[in-house]
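coords_5.pdb follows (PDB, C-alpha atoms, pLDDT in the B column):
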```pdb
ATOM      1  CA  MET A   1       3.180  -6.984 -43.562  1.00 83.00           C
ATOM      2  CA  GLU A   2       1.437 -10.305 -43.899  1.00 87.00           C
ATOM      3  CA  MET A   3      -2.034  -9.309 -42.776  1.00 91.00           C
ATOM      4  CA  ILE A   4      -2.299  -6.737 -45.567  1.00 93.00           C
ATOM      5  CA  GLN A   5      -1.246  -9.388 -48.058  1.00 91.00           C
ATOM      6  CA  ILE A   6      -3.950 -11.749 -46.843  1.00 92.00           C
ATOM      7  CA  VAL A   7      -6.604  -9.039 -47.044  1.00 94.00           C
ATOM      8  CA  GLY A   8      -5.404  -8.051 -50.516  1.00 92.00           C
ATOM      9  CA  LEU A   9      -5.552 -11.654 -51.638  1.00 92.00           C
ATOM     10  CA  GLY A  10      -9.085 -11.974 -50.310  1.00 93.00           C
ATOM     11  CA  LEU A  11     -10.298  -8.786 -51.984  1.00 95.00           C
ATOM     12  CA  MET A  12      -8.681  -9.717 -55.284  1.00 93.00           C
ATOM     13  CA  ALA A  13     -10.188 -13.203 -55.197  1.00 93.00           C
ATOM     14  CA  THR A  14     -13.598 -11.742 -54.339  1.00 94.00           C
ATOM     15  CA  VAL A  15     -13.519  -9.413 -57.344  1.00 93.00           C
ATOM     16  CA  LEU A  16     -12.450 -12.268 -59.633  1.00 92.00           C
ATOM     17  CA  ILE A  17     -15.207 -14.472 -58.260  1.00 93.00           C
ATOM     18  CA  LEU A  18     -17.801 -11.752 -58.842  1.00 93.00           C
ATOM     19  CA  VAL A  19     -16.594 -11.376 -62.440  1.00 91.00           C
ATOM     20  CA  ILE A  20     -16.699 -15.101 -63.161  1.00 90.00           C
ATOM     21  CA  ARG A  21     -19.924 -15.869 -61.337  1.00 89.00           C
ATOM     22  CA  GLU A  22     -21.998 -14.274 -64.113  1.00 88.00           C
ATOM     23  CA  GLN A  23     -20.470 -16.530 -66.760  1.00 86.00           C
ATOM     24  CA  LYS A  24     -19.759 -19.768 -64.943  1.00 87.00           C
ATOM     25  CA  PRO A  25     -20.929 -20.199 -61.354  1.00 88.00           C
ATOM     26  CA  MET A  26     -19.043 -23.508 -61.150  1.00 87.00           C
ATOM     27  CA  PHE A  27     -15.680 -21.826 -61.692  1.00 89.00           C
ATOM     28  CA  ALA A  28     -16.603 -19.172 -59.181  1.00 91.00           C
ATOM     29  CA  PHE A  29     -17.181 -21.865 -56.586  1.00 91.00           C
ATOM     30  CA  LEU A  30     -13.884 -23.589 -57.351  1.00 91.00           C
ATOM     31  CA  LEU A  31     -12.075 -20.271 -57.176  1.00 92.00           C
ATOM     32  CA  ALA A  32     -13.604 -19.572 -53.782  1.00 92.00           C
ATOM     33  CA  ALA A  33     -12.572 -23.013 -52.555  1.00 91.00           C
ATOM     34  CA  PHE A  34      -9.062 -22.523 -53.901  1.00 92.00           C
ATOM     35  CA  THR A  35      -8.679 -19.154 -52.198  1.00 93.00           C
ATOM     36  CA  GLY A  36      -9.891 -20.582 -48.929  1.00 91.00           C
ATOM     37  CA  LEU A  37      -7.455 -23.478 -49.217  1.00 91.00           C
ATOM     38  CA  PHE A  38      -4.631 -21.107 -50.010  1.00 91.00           C
ATOM     39  CA  ILE A  39      -5.196 -18.907 -46.961  1.00 91.00           C
ATOM     40  CA  PHE A  40      -5.702 -21.913 -44.714  1.00 90.00           C
ATOM     41  CA  LEU A  41      -2.530 -23.573 -45.994  1.00 89.00           C
ATOM     42  CA  TYR A  42      -0.656 -20.383 -45.289  1.00 89.00           C
ATOM     43  CA  LEU A  43      -2.002 -20.142 -41.750  1.00 90.00           C
ATOM     44  CA  ILE A  44      -1.349 -23.773 -40.938  1.00 88.00           C
ATOM     45  CA  GLY A  45       2.392 -23.062 -40.930  1.00 86.00           C
ATOM     46  CA  LYS A  46       1.885 -20.371 -38.300  1.00 90.00           C
ATOM     47  CA  ILE A  47      -0.298 -22.705 -36.241  1.00 89.00           C
ATOM     48  CA  GLY A  48       2.482 -25.276 -36.457  1.00 89.00           C
ATOM     49  CA  ILE A  49       4.932 -22.893 -34.759  1.00 91.00           C
ATOM     50  CA  VAL A  50       2.523 -22.289 -31.869  1.00 91.00           C
ATOM     51  CA  ILE A  51       1.900 -25.999 -31.492  1.00 89.00           C
ATOM     52  CA  THR A  52       5.618 -26.742 -31.354  1.00 89.00           C
ATOM     53  CA  VAL A  53       5.923 -24.287 -28.457  1.00 92.00           C
ATOM     54  CA  LEU A  54       2.946 -25.891 -26.714  1.00 89.00           C
ATOM     55  CA  GLU A  55       4.487 -29.341 -27.081  1.00 88.00           C
ATOM     56  CA  ASP A  56       7.747 -28.098 -25.681  1.00 90.00           C
ATOM     57  CA  LEU A  57       5.996 -26.578 -22.658  1.00 91.00           C
ATOM     58  CA  ALA A  58       3.999 -29.744 -22.057  1.00 89.00           C
ATOM     59  CA  ASN A  59       7.122 -31.875 -22.240  1.00 89.00           C
ATOM     60  CA  ARG A  60       8.893 -29.677 -19.746  1.00 92.00           C
ATOM     61  CA  SER A  61       6.014 -29.592 -17.270  1.00 91.00           C
ATOM     62  CA  GLY A  62       5.682 -33.364 -17.372  1.00 87.00           C
ATOM     63  CA  ILE A  63       2.074 -33.594 -18.526  1.00 85.00           C
ATOM     64  CA  PRO A  64       1.403 -37.051 -19.980  1.00 84.00           C
ATOM     65  CA  SER A  65       1.769 -36.644 -23.732  1.00 81.00           C
ATOM     66  CA  ILE A  66      -1.468 -38.521 -24.406  1.00 83.00           C
ATOM     67  CA  TYR A  67      -3.472 -35.524 -23.133  1.00 84.00           C
ATOM     68  CA  LEU A  68      -1.729 -33.012 -25.357  1.00 86.00           C
ATOM     69  CA  LYS A  69      -2.046 -35.365 -28.325  1.00 87.00           C
ATOM     70  CA  THR A  70      -5.769 -35.686 -27.729  1.00 88.00           C
ATOM     71  CA  VAL A  71      -6.202 -31.931 -27.468  1.00 88.00           C
ATOM     72  CA  LEU A  72      -4.213 -31.360 -30.662  1.00 88.00           C
ATOM     73  CA  LYS A  73      -6.260 -33.951 -32.506  1.00 90.00           C
ATOM     74  CA  ILE A  74      -9.445 -32.266 -31.321  1.00 91.00           C
ATOM     75  CA  ILE A  75      -8.216 -28.895 -32.566  1.00 89.00           C
ATOM     76  CA  GLY A  76      -7.295 -30.478 -35.900  1.00 89.00           C
ATOM     77  CA  ILE A  77     -10.726 -32.066 -36.264  1.00 92.00           C
ATOM     78  CA  ALA A  78     -12.365 -28.746 -35.434  1.00 93.00           C
ATOM     79  CA  TYR A  79     -10.359 -26.915 -38.104  1.00 90.00           C
ATOM     80  CA  ILE A  80     -11.022 -29.522 -40.787  1.00 90.00           C
ATOM     81  CA  ALA A  81     -14.736 -29.734 -40.011  1.00 93.00           C
ATOM     82  CA  GLU A  82     -15.138 -25.964 -39.971  1.00 93.00           C
ATOM     83  CA  PHE A  83     -13.264 -25.587 -43.242  1.00 91.00           C
ATOM     84  CA  GLY A  84     -15.200 -28.283 -45.063  1.00 92.00           C
ATOM     85  CA  ALA A  85     -18.514 -27.046 -43.753  1.00 95.00           C
ATOM     86  CA  GLN A  86     -17.796 -23.506 -44.901  1.00 93.00           C
ATOM     87  CA  ILE A  87     -16.871 -24.603 -48.427  1.00 92.00           C
ATOM     88  CA  VAL A  88     -20.003 -26.710 -48.684  1.00 93.00           C
ATOM     89  CA  ARG A  89     -22.072 -23.830 -47.284  1.00 93.00           C
ATOM     90  CA  ASP A  90     -20.616 -21.527 -49.941  1.00 89.00           C
ATOM     91  CA  ALA A  91     -21.986 -23.907 -52.544  1.00 88.00           C
ATOM     92  CA  GLY A  92     -25.416 -23.512 -50.962  1.00 90.00           C
ATOM     93  CA  GLN A  93     -25.783 -26.951 -49.389  1.00 92.00           C
ATOM     94  CA  GLU A  94     -26.698 -25.896 -45.894  1.00 95.00           C
ATOM     95  CA  SER A  95     -27.920 -29.332 -44.804  1.00 96.00           C
ATOM     96  CA  ILE A  96     -24.725 -31.144 -45.806  1.00 96.00           C
ATOM     97  CA  ALA A  97     -22.676 -28.444 -44.091  1.00 96.00           C
ATOM     98  CA  SER A  98     -24.534 -28.942 -40.833  1.00 96.00           C
ATOM     99  CA  LYS A  99     -24.027 -32.717 -41.142  1.00 96.00           C
ATOM    100  CA  ILE A 100     -20.289 -32.174 -41.533  1.00 96.00           C
ATOM    101  CA  GLU A 101     -20.283 -30.039 -38.412  1.00 96.00           C
ATOM    102  CA  PHE A 102     -22.301 -32.696 -36.607  1.00 96.00           C
ATOM    103  CA  ALA A 103     -19.773 -35.364 -37.608  1.00 96.00           C
ATOM    104  CA  GLY A 104     -16.992 -33.118 -36.326  1.00 95.00           C
ATOM    105  CA  LYS A 105     -18.729 -32.775 -32.967  1.00 95.00           C
ATOM    106  CA  ILE A 106     -19.220 -36.524 -32.707  1.00 96.00           C
ATOM    107  CA  PHE A 107     -15.569 -37.252 -33.505  1.00 94.00           C
ATOM    108  CA  ILE A 108     -14.447 -34.671 -30.957  1.00 94.00           C
ATOM    109  CA  LEU A 109     -16.688 -36.317 -28.366  1.00 94.00           C
ATOM    110  CA  VAL A 110     -15.220 -39.731 -29.182  1.00 93.00           C
ATOM    111  CA  MET A 111     -11.705 -38.303 -28.812  1.00 90.00           C
ATOM    112  CA  ALA A 112     -12.600 -36.750 -25.467  1.00 90.00           C
ATOM    113  CA  VAL A 113     -14.105 -39.876 -23.919  1.00 92.00           C
ATOM    114  CA  PRO A 114     -10.828 -41.174 -22.359  1.00 88.00           C
ATOM    115  CA  ILE A 115     -10.143 -37.765 -20.775  1.00 88.00           C
ATOM    116  CA  ILE A 116     -13.680 -37.530 -19.448  1.00 90.00           C
ATOM    117  CA  SER A 117     -13.418 -40.979 -17.904  1.00 91.00           C
ATOM    118  CA  VAL A 118     -10.123 -40.002 -16.238  1.00 89.00           C
ATOM    119  CA  ILE A 119     -11.795 -36.897 -14.776  1.00 90.00           C
ATOM    120  CA  VAL A 120     -14.728 -38.920 -13.459  1.00 92.00           C
ATOM    121  CA  GLU A 121     -12.381 -41.440 -11.858  1.00 92.00           C
ATOM    122  CA  THR A 122     -10.401 -38.646 -10.225  1.00 91.00           C
ATOM    123  CA  VAL A 123     -13.571 -37.089  -8.821  1.00 93.00           C
ATOM    124  CA  ILE A 124     -14.719 -40.472  -7.492  1.00 92.00           C
ATOM    125  CA  GLY A 125     -11.289 -40.917  -5.883  1.00 91.00           C
ATOM    126  CA  LEU A 126     -11.682 -37.555  -4.150  1.00 90.00           C
ATOM    127  CA  LEU A 127     -15.025 -38.471  -2.619  1.00 86.00           C
ATOM    128  CA  PRO A 128     -14.809 -39.680   0.984  1.00 83.00           C
ATOM    129  CA  ASP A 129     -15.358 -43.381   1.583  1.00 73.00           C
ATOM    130  CA  GLY A 130     -18.456 -44.780   3.166  1.00 61.00           C
ATOM    131  CA  SER A 131     -20.798 -42.231   1.683  1.00 56.00           C
TER     132      SER A 131
ATOM    133  CA  MET B   1       4.755 -13.912 -48.541  1.00 48.00           C
ATOM    134  CA  MET B   2       3.934 -17.310 -49.724  1.00 54.00           C
ATOM    135  CA  ASN B   3       6.076 -20.062 -51.022  1.00 55.00           C
ATOM    136  CA  MET B   4       3.160 -21.214 -53.173  1.00 62.00           C
ATOM    137  CA  ASP B   5       1.971 -19.113 -56.078  1.00 77.00           C
ATOM    138  CA  VAL B   6      -0.731 -16.574 -55.757  1.00 83.00           C
ATOM    139  CA  SER B   7      -0.763 -16.672 -59.538  1.00 87.00           C
ATOM    140  CA  ALA B   8      -2.702 -19.939 -59.385  1.00 87.00           C
ATOM    141  CA  ILE B   9      -5.751 -17.878 -58.387  1.00 89.00           C
ATOM    142  CA  PHE B  10      -5.303 -15.706 -61.476  1.00 89.00           C
ATOM    143  CA  GLN B  11      -4.834 -18.843 -63.536  1.00 89.00           C
ATOM    144  CA  ILE B  12      -8.136 -20.262 -62.354  1.00 89.00           C
ATOM    145  CA  ALA B  13      -9.934 -16.994 -62.990  1.00 89.00           C
ATOM    146  CA  GLY B  14      -8.328 -16.760 -66.439  1.00 90.00           C
ATOM    147  CA  ILE B  15      -9.303 -20.307 -67.311  1.00 91.00           C
ATOM    148  CA  GLY B  16     -12.865 -19.523 -66.243  1.00 90.00           C
ATOM    149  CA  ILE B  17     -13.121 -16.412 -68.397  1.00 90.00           C
ATOM    150  CA  VAL B  18     -11.485 -18.031 -71.436  1.00 92.00           C
ATOM    151  CA  ILE B  19     -13.714 -21.085 -71.147  1.00 92.00           C
ATOM    152  CA  ALA B  20     -16.772 -18.848 -70.931  1.00 90.00           C
ATOM    153  CA  MET B  21     -15.650 -17.024 -74.096  1.00 91.00           C
ATOM    154  CA  ILE B  22     -14.980 -20.243 -76.000  1.00 91.00           C
ATOM    155  CA  HIS B  23     -18.316 -21.566 -74.825  1.00 90.00           C
ATOM    156  CA  SER B  24     -20.227 -18.584 -76.148  1.00 91.00           C
ATOM    157  CA  VAL B  25     -18.304 -18.579 -79.447  1.00 92.00           C
ATOM    158  CA  LEU B  26     -18.953 -22.274 -80.031  1.00 91.00           C
ATOM    159  CA  LYS B  27     -22.579 -21.741 -79.139  1.00 90.00           C
ATOM    160  CA  GLN B  28     -22.830 -18.979 -81.744  1.00 91.00           C
ATOM    161  CA  MET B  29     -21.375 -21.378 -84.289  1.00 89.00           C
ATOM    162  CA  GLY B  30     -24.101 -23.827 -83.427  1.00 88.00           C
ATOM    163  CA  LYS B  31     -21.847 -26.480 -81.902  1.00 87.00           C
ATOM    164  CA  GLU B  32     -23.649 -26.987 -78.625  1.00 87.00           C
ATOM    165  CA  ASP B  33     -22.146 -30.337 -77.687  1.00 88.00           C
ATOM    166  CA  MET B  34     -18.610 -29.119 -78.415  1.00 88.00           C
ATOM    167  CA  ALA B  35     -19.223 -26.136 -76.146  1.00 89.00           C
ATOM    168  CA  HIS B  36     -20.315 -28.412 -73.326  1.00 89.00           C
ATOM    169  CA  TRP B  37     -17.234 -30.581 -73.699  1.00 92.00           C
ATOM    170  CA  VAL B  38     -15.010 -27.521 -73.520  1.00 90.00           C
ATOM    171  CA  THR B  39     -16.705 -26.504 -70.289  1.00 90.00           C
ATOM    172  CA  VAL B  40     -16.304 -29.964 -68.812  1.00 92.00           C
ATOM    173  CA  ILE B  41     -12.600 -30.148 -69.695  1.00 92.00           C
ATOM    174  CA  GLY B  42     -11.894 -26.712 -68.244  1.00 91.00           C
ATOM    175  CA  PHE B  43     -13.749 -27.683 -65.124  1.00 91.00           C
ATOM    176  CA  VAL B  44     -11.723 -30.868 -64.716  1.00 93.00           C
ATOM    177  CA  VAL B  45      -8.444 -28.967 -65.107  1.00 92.00           C
ATOM    178  CA  VAL B  46      -9.412 -26.477 -62.390  1.00 92.00           C
ATOM    179  CA  LEU B  47     -10.717 -29.297 -60.204  1.00 93.00           C
ATOM    180  CA  PHE B  48      -7.300 -30.957 -60.442  1.00 92.00           C
ATOM    181  CA  MET B  49      -5.621 -27.790 -59.192  1.00 90.00           C
ATOM    182  CA  VAL B  50      -8.039 -27.482 -56.278  1.00 91.00           C
ATOM    183  CA  VAL B  51      -7.734 -31.145 -55.331  1.00 93.00           C
ATOM    184  CA  ARG B  52      -3.943 -30.982 -55.369  1.00 91.00           C
ATOM    185  CA  LEU B  53      -3.964 -28.039 -52.999  1.00 90.00           C
ATOM    186  CA  LEU B  54      -6.528 -29.814 -50.815  1.00 91.00           C
ATOM    187  CA  ASN B  55      -4.272 -32.858 -50.621  1.00 92.00           C
ATOM    188  CA  GLU B  56      -1.354 -30.652 -49.620  1.00 89.00           C
ATOM    189  CA  LEU B  57      -3.436 -29.026 -46.890  1.00 88.00           C
ATOM    190  CA  PHE B  58      -4.590 -32.353 -45.485  1.00 88.00           C
ATOM    191  CA  GLN B  59      -1.057 -33.731 -45.399  1.00 89.00           C
ATOM    192  CA  GLU B  60       0.053 -30.610 -43.565  1.00 87.00           C
ATOM    193  CA  ILE B  61      -2.771 -30.906 -41.039  1.00 86.00           C
ATOM    194  CA  LYS B  62      -1.944 -34.566 -40.510  1.00 86.00           C
ATOM    195  CA  THR B  63       1.676 -33.854 -39.700  1.00 87.00           C
ATOM    196  CA  ILE B  64       1.017 -30.814 -37.509  1.00 85.00           C
ATOM    197  CA  PHE B  65      -1.908 -32.113 -35.470  1.00 82.00           C
ATOM    198  CA  LEU B  66      -0.277 -35.507 -34.861  1.00 71.00           C
ATOM    199  CA  PHE B  67      -2.694 -37.717 -36.696  1.00 66.00           C
ATOM    200  CA  GLN B  68      -0.868 -40.883 -37.528  1.00 61.00           C
TER     201      GLN B  68
END
```
So that I can check it, write out the structure of this file as structure tokens.
Amino acid sequence: MEMIQIVGLGLMATVLILVIREQKPMFAFLLAAFTGLFIFLYLIGKIGIVITVLEDLANRSGIPSIYLKTVLKIIGIAYIAEFGAQIVRDAGQESIASKIEFAGKIFILVMAVPIISVIVETVIGLLPDGS
Amino acid sequence: MMNMDVSAIFQIAGIGIVIAMIHSVLKQMGKEDMAHWVTVIGFVVVLFMVVRLLNELFQEIKTIFLFQ
């Protein structure tokens, strides 16, 4: 079962990090980053399967592909920003972590601007004339 | 489960412990600067491993989330 393997990996890495932290905090940090990367890299394959299904559904239902692409890019940005911010936060740099998250929010907003403008135009089109 | 090695985590931990031992031994022998160099080299080796995995992850994200 894969979940048990992930949990075992996490526990093992935590014990190793606790052992090393007394001697060399720098190695402990790198080990934590490596473990995080490892788990994330493992999960990204699973996410890929789900996304393939989503793409297939979107293609079949005839949604313009630009919307799905935008949504996928937003999800990707969210994952990257979250991951980077957590690693930096582990190293104790809270302010840099919050800046990374802020940058992620800004990029997501920039990505979403075309969709928002389409929504606003649709709403304006729905309004009755002569108001 | 994984096509990558879990043993890389043990490798990093092992490198850390061995470097810490070498560091303390060299310090006992009174070679402070040597000890620092050993630490730096070990750190760079581990950093290479982490950066390689990070690169792999970013490539994967790029292909899956359709960044061109």
Written as a PDB file with C-alpha atoms, in the frame of the given file, what is the full residue list that the ChimeraX specification (/B :<6) & /A yields on the file shown?
```
ATOM      1  CA  PHE A  27     -15.680 -21.826 -61.692  1.00 89.00           C
ATOM      2  CA  PHE A  34      -9.062 -22.523 -53.901  1.00 92.00           C
ATOM      3  CA  LEU A  41      -2.530 -23.573 -45.994  1.00 89.00           C
ATOM      4  CA  GLY A  48       2.482 -25.276 -36.457  1.00 89.00           C
ATOM      5  CA  LEU A  72      -4.213 -31.360 -30.662  1.00 88.00           C
ATOM      6  CA  LYS A  73      -6.260 -33.951 -32.506  1.00 90.00           C
ATOM      7  CA  GLY A  76      -7.295 -30.478 -35.900  1.00 89.00           C
TER       8      GLY A  76
END
```
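You will find CA of Leu43 in chain A at 23.8 Å from CA of Ala103 in chain A.
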Interatomic distance (Å, one decimal) between CA of Ile108 in chain A and CA of Ile75 in chain A: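 Atom-to-atom, CA of Ile108 in chain A to CA of Ile75 in chain A, that is 8.6 Å.
One finds CA of Met1 in chain A at 24.7 Å from CA of Ile17 in chain A.
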Which residue of A:Leu127, A:Ala58, A:Val71, A:Ile44 approaches Gln59 in chain B most closely, using only C-alpha atoms: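 Checking each of A:Leu127, A:Ala58, A:Val71, A:Ile44 against Gln59 in chain B, counting only C-alpha atoms, the winner is A:Ile44.
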Residue neighbourhood Glu82 in chain A, 9 Å, all atoms listed in the file, exclusion window fewer than 3 positions, as a list in words: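 In the requested form, the answer reads Ile77, Ala78, Tyr79, Ala85, Gln86, Ile87, Ala97, Ile100, Glu101 and Gly104 of chain A.
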